[in-house]
file my_file.txt (compact mmCIF, C-alpha atoms (C1' of nucleotides))
# COMPACT_ATOMS: atom_id res chain seq x y z
CA MET X 1 82.13 95.35 81.85
CA ILE X 2 84.84 96.13 84.36
CA SER X 3 88.38 96.05 83.04
CA GLN X 4 90.81 93.22 83.47
CA LYS X 5 93.02 95.70 85.27
CA ALA X 6 90.37 96.39 87.93
CA LYS X 7 89.82 92.69 88.40
CA TYR X 8 93.56 92.22 88.94
CA ALA X 9 93.62 95.13 91.40
CA LEU X 10 90.84 93.64 93.47
CA ARG X 11 92.43 90.21 93.49
CA ALA X 12 95.78 91.69 94.51
CA LEU X 13 94.17 93.58 97.38
CA ILE X 14 92.37 90.46 98.52
CA ALA X 15 95.69 88.62 98.48
CA LEU X 16 97.32 91.38 100.54
CA ALA X 17 94.45 91.40 103.00
CA ARG X 18 94.83 87.68 103.42
CA ALA X 19 98.55 87.83 104.24
CA GLU X 20 99.42 85.58 107.16
CA ASN X 21 100.54 88.15 109.68
CA PRO X 22 99.14 91.62 109.23
CA GLY X 23 102.15 93.77 108.44
CA ASP X 24 103.86 91.12 106.32
CA VAL X 25 105.00 92.44 102.98
CA LEU X 26 104.17 90.49 99.85
CA LEU X 27 106.32 90.48 96.76
CA ILE X 28 104.82 91.63 93.49
CA SER X 29 106.22 88.45 91.98
CA ASP X 30 104.45 86.26 94.51
CA ILE X 31 101.11 87.94 94.06
CA ALA X 32 101.53 87.84 90.30
CA GLU X 33 102.37 84.17 90.31
CA ARG X 34 99.69 83.04 92.73
CA GLN X 35 96.98 85.13 91.10
CA ARG X 36 98.15 84.52 87.53
CA ILE X 37 98.62 88.19 86.77
CA PRO X 38 101.34 89.39 84.34
CA LYS X 39 104.01 90.72 86.68
CA LYS X 40 104.88 93.94 84.89
CA PHE X 41 101.22 94.75 84.55
CA LEU X 42 100.65 94.18 88.25
CA GLU X 43 103.54 96.53 89.04
CA GLN X 44 101.66 99.38 87.39
CA ILE X 45 98.47 98.51 89.17
CA LEU X 46 100.03 98.39 92.61
CA LEU X 47 101.90 101.60 91.93
CA ASP X 48 98.63 103.24 91.06
CA LEU X 49 97.00 101.96 94.23
CA LYS X 50 99.99 103.25 96.14
CA HIS X 51 99.69 106.72 94.65
CA HIS X 52 96.12 106.71 95.84
CA GLY X 53 96.99 105.73 99.37
CA VAL X 54 95.52 102.26 99.38
CA VAL X 55 98.77 100.34 99.80
CA VAL X 56 102.36 101.12 100.75
CA SER X 57 105.59 99.61 99.57
CA ARG X 58 109.10 98.97 100.83
CA ARG X 59 111.90 99.12 98.33
CA GLY X 60 115.12 97.18 98.06
CA LYS X 61 115.87 93.78 99.44
CA LEU X 62 113.14 92.61 101.78
CA GLY X 63 110.87 95.01 99.99
CA GLY X 64 107.31 94.40 98.96
CA TYR X 65 103.78 95.65 99.33
CA LEU X 66 101.29 95.82 102.15
CA LEU X 67 97.94 97.45 102.76
CA LEU X 68 97.88 100.98 104.08
CA LYS X 69 94.16 101.09 104.73
CA LYS X 70 92.33 98.44 106.68
CA PRO X 71 90.56 95.85 104.53
CA SER X 72 87.30 96.99 106.06
CA GLU X 73 87.95 100.49 104.77
CA ILE X 74 88.70 99.64 101.16
CA THR X 75 85.52 99.48 99.13
CA PHE X 76 85.12 97.93 95.72
CA GLY X 77 83.86 101.29 94.53
CA GLU X 78 87.04 103.06 95.55
CA VAL X 79 89.24 100.57 93.75
CA LEU X 80 87.16 100.70 90.60
CA ARG X 81 87.23 104.49 90.54
CA ILE X 82 91.01 104.48 90.89
CA ILE X 83 91.59 101.91 88.18
CA ASP X 84 88.71 102.30 85.75
CA GLY X 85 87.52 105.82 86.44
CA PRO X 86 83.86 106.75 86.84
CA ILE X 87 81.42 104.00 87.69
CA ALA X 88 78.28 105.76 86.46
CA PRO X 89 76.70 104.43 83.26
CA LEU X 90 76.37 107.95 81.84
CA PRO X 91 78.78 110.88 82.20
CA CYS X 92 75.89 113.06 83.33
CA LEU X 93 75.34 110.70 86.28
CA SER X 94 78.91 110.60 87.51
CA ARG X 95 79.76 112.17 90.84
CA MET X 96 83.50 112.07 90.43
CA ALA X 97 83.55 113.19 86.80
CA TYR X 98 80.26 114.81 85.88
CA ARG X 99 79.98 115.86 82.25
CA ARG X 100 76.92 117.15 80.54
CA CYS X 101 75.70 115.11 77.54
CA GLU X 102 76.27 117.33 74.53
CA ASP X 103 73.25 116.08 72.67
CA CYS X 104 70.77 116.24 75.52
CA ALA X 105 68.39 119.18 75.56
CA GLU X 106 67.37 119.34 79.20
CA GLU X 107 68.98 116.98 81.62
CA GLU X 108 66.09 116.94 84.06
CA ALA X 109 63.70 115.78 81.36
CA CYS X 110 65.94 113.09 79.89
CA GLU X 111 64.12 109.76 80.10
CA VAL X 112 67.25 107.73 79.50
CA ARG X 113 69.03 109.52 82.29
CA ARG X 114 66.17 108.88 84.67
CA VAL X 115 66.28 105.14 84.15
CA PHE X 116 70.03 104.92 84.40
CA ALA X 117 70.01 106.98 87.55
CA ARG X 118 68.35 104.00 89.16
CA VAL X 119 70.99 101.66 87.78
CA ALA X 120 73.71 103.94 89.07
CA ALA X 121 72.19 104.11 92.52
CA ALA X 122 71.84 100.35 92.77
CA THR X 123 75.38 99.81 91.55
CA ARG X 124 76.81 102.31 94.00
CA ASP X 125 74.90 100.69 96.83
CA VAL X 126 76.68 97.44 96.21
CA LEU X 127 80.12 98.72 95.28
CA ASP X 128 80.45 101.40 97.92
CA GLY X 129 78.89 99.10 100.47
CA THR X 130 81.23 96.17 99.99
CA THR X 131 84.78 96.12 101.30
CA ILE X 132 87.74 93.84 100.80
CA ALA X 133 87.17 92.64 104.36
CA ASP X 134 83.57 91.71 103.51
CA CYS X 135 84.50 89.36 100.76
CA ILE X 136 87.18 87.65 102.82
CA MET X 137 84.78 87.22 105.70
CA GLY X 138 82.20 85.80 103.37
CA GLU X 139 84.70 83.13 102.57
CA VAL X 140 85.37 82.34 106.20
CA ARG X 141 81.65 82.09 106.78
CA ASP X 142 81.41 79.67 103.88
CA GLU X 143 84.18 77.55 105.31
CA ALA X 144 82.41 77.45 108.65
CA ARG X 145 79.23 76.48 106.89
CA ALA X 146 81.05 73.69 105.11
CA LEU X 147 82.46 72.42 108.38
CA ILE X 148 79.05 72.32 109.96
CA ALA X 149 77.41 70.61 107.02
CA MET I 1 79.36 103.43 80.69
CA ILE I 2 76.81 102.69 78.03
CA SER I 3 77.74 103.61 74.50
CA GLN I 4 76.60 106.69 72.66
CA LYS I 5 75.04 104.33 70.16
CA ALA I 6 72.82 102.73 72.79
CA LYS I 7 71.77 106.13 74.04
CA TYR I 8 70.80 107.11 70.50
CA ALA I 9 68.87 103.87 70.05
CA LEU I 10 66.86 104.44 73.19
CA ARG I 11 66.10 108.02 72.27
CA ALA I 12 65.01 106.99 68.77
CA LEU I 13 62.69 104.35 70.18
CA ILE I 14 61.21 106.85 72.59
CA ALA I 15 60.62 109.19 69.68
CA LEU I 16 58.91 106.43 67.71
CA ALA I 17 56.77 105.47 70.67
CA ARG I 18 55.68 109.05 71.02
CA ALA I 19 54.56 109.39 67.39
CA GLU I 20 51.21 111.18 67.16
CA ASN I 21 49.08 108.41 65.76
CA PRO I 22 50.24 104.89 66.45
CA GLY I 23 51.09 103.50 63.04
CA ASP I 24 52.55 106.74 61.73
CA VAL I 25 55.93 106.28 60.15
CA LEU I 26 58.77 108.57 61.13
CA LEU I 27 61.61 109.53 58.82
CA ILE I 28 65.15 108.76 59.86
CA SER I 29 65.96 112.35 58.97
CA ASP I 30 63.27 113.70 61.26
CA ILE I 31 64.33 111.61 64.21
CA ALA I 32 67.95 112.46 63.56
CA GLU I 33 67.27 116.15 63.43
CA ARG I 34 64.96 116.36 66.39
CA GLN I 35 67.15 114.17 68.58
CA ARG I 36 70.43 115.60 67.31
CA ILE I 37 71.77 112.27 66.13
CA PRO I 38 74.10 112.01 63.07
CA LYS I 39 71.77 110.73 60.38
CA LYS I 40 73.98 108.09 58.81
CA PHE I 41 74.81 106.75 62.22
CA LEU I 42 71.14 106.54 63.13
CA GLU I 43 70.48 104.61 59.92
CA GLN I 44 72.77 101.85 61.14
CA ILE I 45 71.18 101.81 64.53
CA LEU I 46 67.63 101.56 63.26
CA LEU I 47 68.64 98.90 60.79
CA ASP I 48 70.10 96.91 63.64
CA LEU I 49 66.91 97.30 65.67
CA LYS I 50 64.97 96.20 62.64
CA HIS I 51 67.06 93.06 62.19
CA HIS I 52 66.24 92.25 65.79
CA GLY I 53 62.53 92.69 65.33
CA VAL I 54 62.07 95.80 67.41
CA VAL I 55 61.02 98.13 64.60
CA VAL I 56 59.87 97.81 61.00
CA SER I 57 60.47 100.05 58.03
CA ARG I 58 58.80 101.02 54.78
CA ARG I 59 61.00 101.86 51.84
CA GLY I 60 60.65 104.35 49.04
CA LYS I 61 58.56 107.47 49.01
CA LEU I 62 56.35 107.67 52.07
CA GLY I 63 58.77 105.32 53.73
CA GLY I 64 60.00 105.51 57.27
CA TYR I 65 60.20 103.62 60.52
CA LEU I 66 57.70 102.51 63.10
CA LEU I 67 57.71 100.27 66.14
CA LEU I 68 57.01 96.59 65.63
CA LYS I 69 56.76 95.72 69.29
CA LYS I 70 54.59 97.60 71.67
CA PRO I 71 56.41 100.22 73.76
CA SER I 72 55.41 98.27 76.85
CA GLU I 73 57.21 95.23 75.47
CA ILE I 74 60.53 96.85 74.67
CA THR I 75 62.81 96.83 77.67
CA PHE I 76 65.93 98.90 78.13
CA GLY I 77 67.79 95.66 78.69
CA GLU I 78 66.78 94.29 75.31
CA VAL I 79 67.92 97.40 73.50
CA LEU I 80 71.23 97.50 75.32
CA ARG I 81 71.93 93.87 74.55
CA ILE I 82 71.23 94.44 70.86
CA ILE I 83 73.39 97.54 70.59
CA ASP I 84 76.12 97.12 73.19
CA GLY I 85 76.16 93.40 73.76
CA PRO I 86 76.26 91.78 77.20
CA ILE I 87 75.19 93.88 80.15
CA ALA I 88 76.97 91.86 82.83
CA PRO I 89 80.03 93.46 84.45
CA LEU I 90 82.07 90.28 84.02
CA PRO I 91 81.98 87.78 81.14
CA CYS I 92 81.52 84.96 83.65
CA LEU I 93 78.29 86.60 84.80
CA SER I 94 76.72 87.08 81.40
CA ARG I 95 73.65 85.10 80.47
CA MET I 96 73.69 85.91 76.80
CA ALA I 97 77.43 85.53 76.32
CA TYR I 98 78.91 83.56 79.19
CA ARG I 99 82.68 83.17 79.04
CA ARG I 100 84.86 81.71 81.71
CA CYS I 101 87.55 84.01 83.11
CA GLU I 102 90.83 82.51 81.94
CA ASP I 103 92.73 83.55 85.02
CA CYS I 104 90.19 82.45 87.59
CA ALA I 105 90.89 79.20 89.39
CA GLU I 106 87.42 78.20 90.58
CA GLU I 107 84.51 80.31 89.56
CA GLU I 108 82.39 79.40 92.54
CA ALA I 109 85.05 80.61 94.95
CA CYS I 110 85.83 83.86 93.17
CA GLU I 111 85.21 86.73 95.58
CA VAL I 112 85.17 89.35 92.87
CA ARG I 113 82.58 87.42 90.95
CA ARG I 114 80.40 87.10 94.01
CA VAL I 115 80.26 90.82 94.57
CA PHE I 116 79.63 91.64 90.95
CA ALA I 117 76.90 89.06 90.78
CA ARG I 118 74.96 91.35 93.08
CA VAL I 119 75.66 94.32 90.84
CA ALA I 120 74.54 92.34 87.82
CA ALA I 121 71.32 91.28 89.49
CA ALA I 122 70.46 94.82 90.55
CA THR I 123 71.24 96.17 87.10
CA ARG I 124 69.13 93.56 85.39
CA ASP I 125 66.26 94.26 87.73
CA VAL I 126 66.15 97.84 86.53
CA LEU I 127 66.96 97.37 82.87
CA ASP I 128 64.80 94.33 82.22
CA GLY I 129 62.05 95.81 84.33
CA THR I 130 61.80 99.14 82.56
CA THR I 131 60.18 99.56 79.17
CA ILE I 132 59.98 102.37 76.66
CA ALA I 133 56.35 102.77 77.68
CA ASP I 134 57.37 103.21 81.31
CA CYS I 135 59.58 106.16 80.67
CA ILE I 136 57.02 107.88 78.49
CA MET I 137 54.35 107.36 81.11
CA GLY I 138 56.65 108.69 83.77
CA GLU I 139 56.73 111.86 81.77
CA VAL I 140 52.98 112.05 81.47
CA ARG I 141 52.71 111.57 85.20
CA ASP I 142 55.14 114.41 85.71
CA GLU I 143 53.11 116.66 83.48
CA ALA I 144 49.98 115.80 85.40
CA ARG I 145 51.77 116.52 88.62
CA ALA I 146 52.85 119.87 87.26
CA LEU I 147 49.28 120.69 86.28
CA ILE I 148 48.01 119.86 89.73
CA ALA I 149 50.68 121.85 91.52
C1' DT S 1 61.08 107.69 35.05
C1' DA S 2 62.22 110.86 38.58
C1' DA S 3 62.33 111.47 43.26
C1' DT S 4 62.56 109.81 47.86
C1' DA S 5 63.89 106.97 51.51
C1' DC S 6 65.63 102.86 53.35
C1' DT S 7 69.78 99.07 52.86
C1' DC S 8 74.13 97.41 52.97
C1' DT S 9 79.19 97.24 53.20
C1' DA S 10 83.36 99.36 53.68
C1' DC S 11 86.28 102.40 55.66
C1' DC S 12 88.63 105.75 58.85
C1' DG S 13 90.68 108.36 62.64
C1' DT S 14 91.07 108.21 67.54
C1' DT S 15 91.07 106.31 71.87
C1' DC S 16 91.32 102.60 75.10
C1' DC S 17 93.00 98.09 76.65
C1' DG S 18 96.17 94.75 77.98
C1' DA S 19 100.60 94.09 78.07
C1' DT S 20 105.78 94.48 77.50
C1' DA S 21 110.38 96.77 77.85
C1' DG S 22 113.95 98.77 79.99
C1' DA S 23 116.52 102.08 82.39
C1' DG S 24 116.55 104.07 87.11
C1' DT S 25 116.40 104.13 92.28
C1' DT S 26 116.52 102.25 96.98
C1' DA S 27 117.86 99.15 100.55
C1' DA S 28 119.96 95.09 102.66
C1' DT S 29 123.68 91.97 102.90
C1' DC S 30 128.24 90.08 102.39
C1' DG T 1 131.39 99.29 98.87
C1' DA T 2 129.89 96.00 95.58
C1' DT T 3 126.29 93.00 94.71
C1' DT T 4 121.81 91.69 94.57
C1' DA T 5 116.93 92.05 95.11
C1' DA T 6 112.99 94.68 94.71
C1' DC T 7 110.21 98.58 93.68
C1' DT T 8 109.64 103.02 90.28
C1' DC T 9 108.78 105.32 86.33
C1' DT T 10 108.10 106.35 81.40
C1' DA T 11 107.63 104.81 76.86
C1' DT T 12 105.89 101.99 73.56
C1' DC T 13 103.00 98.70 71.00
C1' DG T 14 99.47 95.75 68.62
C1' DG T 15 94.74 95.08 68.39
C1' DA T 16 90.06 96.08 69.23
C1' DA T 17 86.31 99.10 69.97
C1' DC T 18 84.04 103.51 69.36
C1' DG T 19 81.85 107.12 66.89
C1' DG T 20 81.13 108.45 62.66
C1' DT T 21 81.35 109.05 57.31
C1' DA T 22 80.82 107.57 52.42
C1' DG T 23 78.70 105.81 48.69
C1' DA T 24 76.66 102.59 45.74
C1' DG T 25 72.39 99.82 45.69
C1' DT T 26 67.29 98.79 46.04
C1' DA T 27 62.42 99.53 46.74
C1' DT T 28 58.29 102.43 46.36
C1' DT T 29 55.41 106.04 44.94
C1' DA T 30 53.68 109.61 41.98

call {"tool": "encode", "arguments": {"input": "my_file.txt", "output": "structure tokens"}}
result
Amino acid sequence: MISQKAKYALRALIALARAENPGDVLLISDIAERQRIPKKFLEQILLDLKHHGVVVSRRGKLGGYLLLKKPSEITFGEVLRIIDGPIAPLPCLSRMAYRRCEDCAEEEACEVRRVFARVAAATRDVLDGTTIADCIMGEVRDEARALIA
Amino acid sequence: MISQKAKYALRALIALARAENPGDVLLISDIAERQRIPKKFLEQILLDLKHHGVVVSRRGKLGGYLLLKKPSEITFGEVLRIIDGPIAPLPCLSRMAYRRCEDCAEEEACEVRRVFARVAAATRDVLDGTTIADCIMGEVRDEARALIA
DNA sequence: TAATACTCTACCGTTCCGATAGAGTTAATC
DNA sequence: GATTAACTCTATCGGAACGGTAGAGTATTA
């Protein structure tokens, strides 16, 4: 299960990517309200994304948030790693935070590890291969499809 | 991340599947010791697997555990669902424990859900497609390969 | 009846999750 | 330069989950 926090982060980024004119700032309050995210909670999330160079903010009156990276360069995997930490199903399969399993005799021979390595690979394929831009485009494509139908 | 408990469960089942003569009972203590699992914790796990019809036990002297299902009929997915609960990355994608996301306007339009549906499908493919027998056989194949080389 | 091994329920310390609170800082406007 | 609007940062909190321990109870065999 991914955390609620990661879900909020992704939804906030999608909202930012969808902003009318690229370069427009969005208020935390507006995102929070439209996406039904507790405002103070969203503040922390956006701050975190800012510290990791995904978004930037302007302070004071007329302040707000906007994307720093292009939507096509923000992957789901990146966001999840920032918010939730390692994606791998076992610590001994994590790239960003490898940790040996204490109770495992030899890693290479571990049957459980072998199976979950396949899960990890498949998961990474999807998450590192899908960007914020992708899921917005998917929507546009669906709208087009609906118009044609 | 899968839980430590699930990892233990899988390792215990692999140990049972590997028992010398099919039908031999294994002591909790023996499995615990050989797999470095806290004994009392393993008791709970095996009991749980028993309640779900994966293993059976004999009590008293000469007691112990053995598999009820064939190794080729016990999938990783089944074990994980028993021990850890739903596998799906979002409650709204779970088959065994579907729950609507409170904060999601329309499920069908949810971009996050769409992406994670692909993760869920890929994960299920592996976990429901891999059995205890598979990972023991894999090992045998590796040994054979080593002998040939 | 003694010994052995599984069965069941309760509990416990720690960490994580989701969220809230509030004081502080920056920037625009009047 | 005071006011207001907005982000920034740190602390805290209640509840649940995780990993594990404890111990009394029950069945089976010798």

call {"tool": "closest_residue", "arguments": {"input": "my_file.txt", "among": "X:Gln44, X:Ser29, X:Gln35, X:Thr123", "to": "chain S", "atoms": "only C-alpha atoms (C1' of nucleotides)"}}
result
X:Gln44

call {"tool": "residues_near_point", "arguments": {"input": "my_file.txt", "point": "(75.1, 98.1, 49.6)", "cutoff": "8 Å", "atoms": "all atoms listed in the file", "output": "MDAnalysis selection string"}}
result
(chainID S and resid 7:9) or (chainID T and resid 24:25)

call {"tool": "closest_atom_pairs", "arguments": {"input": "my_file.txt", "of": "chain I", "to": "chain T", "cutoff": "9 Å", "atoms": "only C-alpha atoms (C1' of nucleotides)", "output": "tab-separated table"}}
result
residue	atom	partner	partner_atom	distance
I:Ser3	CA	T:DC18	C1'	8.1
I:Gln4	CA	T:DG19	C1'	7.8
I:Lys5	CA	T:DG19	C1'	8.1
I:Pro38	CA	T:DG20	C1'	7.9
I:Lys40	CA	T:DT21	C1'	7.6
I:Phe41	CA	T:DG20	C1'	6.6
I:Arg58	CA	T:DT28	C1'	8.6
I:Arg59	CA	T:DA27	C1'	5.8
I:Gly60	CA	T:DT28	C1'	4.1
I:Lys61	CA	T:DT29	C1'	5.3
I:Leu62	CA	T:DT29	C1'	7.4
I:Gly63	CA	T:DT28	C1'	7.9

call {"tool": "closest_residue", "arguments": {"input": "my_file.txt", "among": "X:Tyr8, X:Ile82, X:Leu66, X:Val115", "to": "Ile132 in chain I", "atoms": "all atoms listed in the file"}}
result
X:Val115

call {"tool": "closest_atom_pairs", "arguments": {"input": "my_file.txt", "of": "chain S", "to": "chain X", "cutoff": "10 Å", "atoms": "only C-alpha atoms (C1' of nucleotides)", "output": "Markdown table"}}
result
| residue | atom | partner | partner_atom | distance |
| --- | --- | --- | --- | --- |
| S:DC17 | C1' | X:Ser3 | CA | 8.1 |
| S:DG18 | C1' | X:Gln4 | CA | 7.8 |
| S:DA19 | C1' | X:Phe41 | CA | 6.5 |
| S:DT20 | C1' | X:Lys40 | CA | 7.5 |
| S:DA21 | C1' | X:Lys40 | CA | 9.4 |
| S:DT25 | C1' | X:Arg59 | CA | 9.1 |
| S:DT26 | C1' | X:Gly60 | CA | 5.4 |
| S:DA27 | C1' | X:Gly60 | CA | 4.2 |
| S:DA28 | C1' | X:Lys61 | CA | 5.4 |
| S:DT29 | C1' | X:Lys61 | CA | 8.7 |

call {"tool": "closest_residue", "arguments": {"input": "my_file.txt", "among": "X:Ala12, X:Leu47, X:Leu90, X:Cys110", "to": "chain I", "atoms": "all atoms listed in the file"}}
result
X:Leu90

call {"tool": "interface_residues", "arguments": {"input": "my_file.txt", "of": "chain X", "to": "chain I", "cutoff": "6 Å", "atoms": "all atoms listed in the file", "output": "list in words"}}
result
Met1, Ile2, Pro89, Leu90, Glu111, Val119, Thr123 and Cys135 of chain X

call {"tool": "atom_distance", "arguments": {"input": "my_file.txt", "atom1": "CA of Ser57 in chain I", "atom2": "CA of Val25 in chain I"}}
result
8.0 Å

call {"tool": "atom_distance", "arguments": {"input": "my_file.txt", "atom1": "C1' of DA23 in chain S", "atom2": "CA of Ala32 in chain X"}}
result
22.1 Å

call {"tool": "atom_distance", "arguments": {"input": "my_file.txt", "atom1": "CA of Ile31 in chain I", "atom2": "CA of Val55 in chain I"}}
result
13.9 Å

call {"tool": "axis_aligned_box", "arguments": {"input": "my_file.txt", "around": "range 15-24 of chain T", "padding_each_side": "3 Å", "output": "JSON"}}
result
{"center_x": 85.7, "center_y": 102.1, "center_z": 57.9, "size_x": 24.1, "size_y": 20.0, "size_z": 30.2}

call {"tool": "decode", "arguments": {"input": "my_file.txt", "residues": "range 12-23 of chain S", "atoms": "N, CA, C and O atoms (P, O5', C5', C4', C3', O3' and C1' of nucleotides)", "output": "compact mmCIF listing (two decimals), in the first residue's frame"}}
result
# COMPACT_ATOMS: atom_id res chain seq x y z
P DC S 12 0.97 -4.75 29.30
O5' DC S 12 2.55 -4.73 29.08
C5' DC S 12 3.21 -5.83 28.44
C4' DC S 12 4.30 -5.27 27.56
C3' DC S 12 4.30 -3.74 27.47
O3' DC S 12 5.64 -3.29 27.41
C1' DC S 12 4.09 -4.64 25.32
P DG S 13 6.06 -1.96 28.19
O5' DG S 13 7.16 -1.37 27.22
C5' DG S 13 8.29 -2.16 26.88
C4' DG S 13 8.71 -1.87 25.45
C3' DG S 13 8.91 -0.37 25.16
O3' DG S 13 10.17 -0.23 24.53
C1' DG S 13 7.46 -1.35 23.53
P DT S 14 10.73 1.23 24.31
O5' DT S 14 10.60 1.40 22.74
C5' DT S 14 10.93 0.29 21.90
C4' DT S 14 10.48 0.53 20.49
C3' DT S 14 10.66 1.97 19.99
O3' DT S 14 11.60 1.92 18.93
C1' DT S 14 8.51 1.10 19.40
P DT S 15 12.04 3.28 18.21
O5' DT S 15 11.12 3.24 16.89
C5' DT S 15 10.99 2.03 16.15
C4' DT S 15 9.88 2.16 15.14
C3' DT S 15 9.93 3.48 14.35
O3' DT S 15 9.94 3.15 12.97
C1' DT S 15 7.74 3.07 15.17
P DC S 16 10.04 4.30 11.85
O5' DC S 16 8.53 4.40 11.33
C5' DC S 16 7.91 3.23 10.82
C4' DC S 16 6.47 3.53 10.49
C3' DC S 16 6.27 4.77 9.62
O3' DC S 16 5.35 4.42 8.60
C1' DC S 16 4.94 4.93 11.57
P DC S 17 5.03 5.39 7.41
O5' DC S 17 3.53 5.82 7.67
C5' DC S 17 2.58 4.87 8.13
C4' DC S 17 1.28 5.57 8.45
C3' DC S 17 0.99 6.76 7.55
O3' DC S 17 -0.31 6.60 7.03
C1' DC S 17 0.88 7.41 9.85
P DG S 18 -0.80 7.48 5.82
O5' DG S 18 -1.69 8.58 6.52
C5' DG S 18 -2.83 8.21 7.27
C4' DG S 18 -3.28 9.39 8.07
C3' DG S 18 -3.40 10.67 7.25
O3' DG S 18 -4.72 11.15 7.38
C1' DG S 18 -2.17 11.05 9.24
P DA S 19 -5.18 12.48 6.62
O5' DA S 19 -4.93 13.55 7.76
C5' DA S 19 -5.41 13.20 9.07
C4' DA S 19 -4.86 14.17 10.08
C3' DA S 19 -5.00 15.64 9.71
O3' DA S 19 -6.09 16.17 10.45
C1' DA S 19 -2.98 15.14 10.91
P DT S 20 -6.51 17.67 10.29
O5' DT S 20 -5.74 18.33 11.53
C5' DT S 20 -5.85 17.72 12.81
C4' DT S 20 -5.07 18.55 13.82
C3' DT S 20 -5.28 20.06 13.71
O3' DT S 20 -5.60 20.52 15.02
C1' DT S 20 -2.97 19.54 13.73
P DA S 21 -5.95 22.06 15.26
O5' DA S 21 -4.54 22.65 15.73
C5' DA S 21 -3.67 21.82 16.51
C4' DA S 21 -2.64 22.71 17.17
C3' DA S 21 -2.94 24.21 17.04
O3' DA S 21 -2.60 24.83 18.27
C1' DA S 21 -0.87 23.69 15.96
P DG S 22 -2.92 26.36 18.52
O5' DG S 22 -1.51 27.07 18.28
C5' DG S 22 -0.34 26.49 18.85
C4' DG S 22 0.87 27.21 18.30
C3' DG S 22 0.62 28.69 18.01
O3' DG S 22 1.79 29.42 18.34
C1' DG S 22 1.43 27.68 16.11
P DA S 23 1.65 30.95 18.85
O5' DA S 23 3.17 31.37 19.09
C5' DA S 23 4.17 30.35 19.28
C4' DA S 23 5.26 30.50 18.23
C3' DA S 23 5.61 31.97 17.90
O3' DA S 23 7.02 32.09 17.85
C1' DA S 23 5.11 30.80 15.93
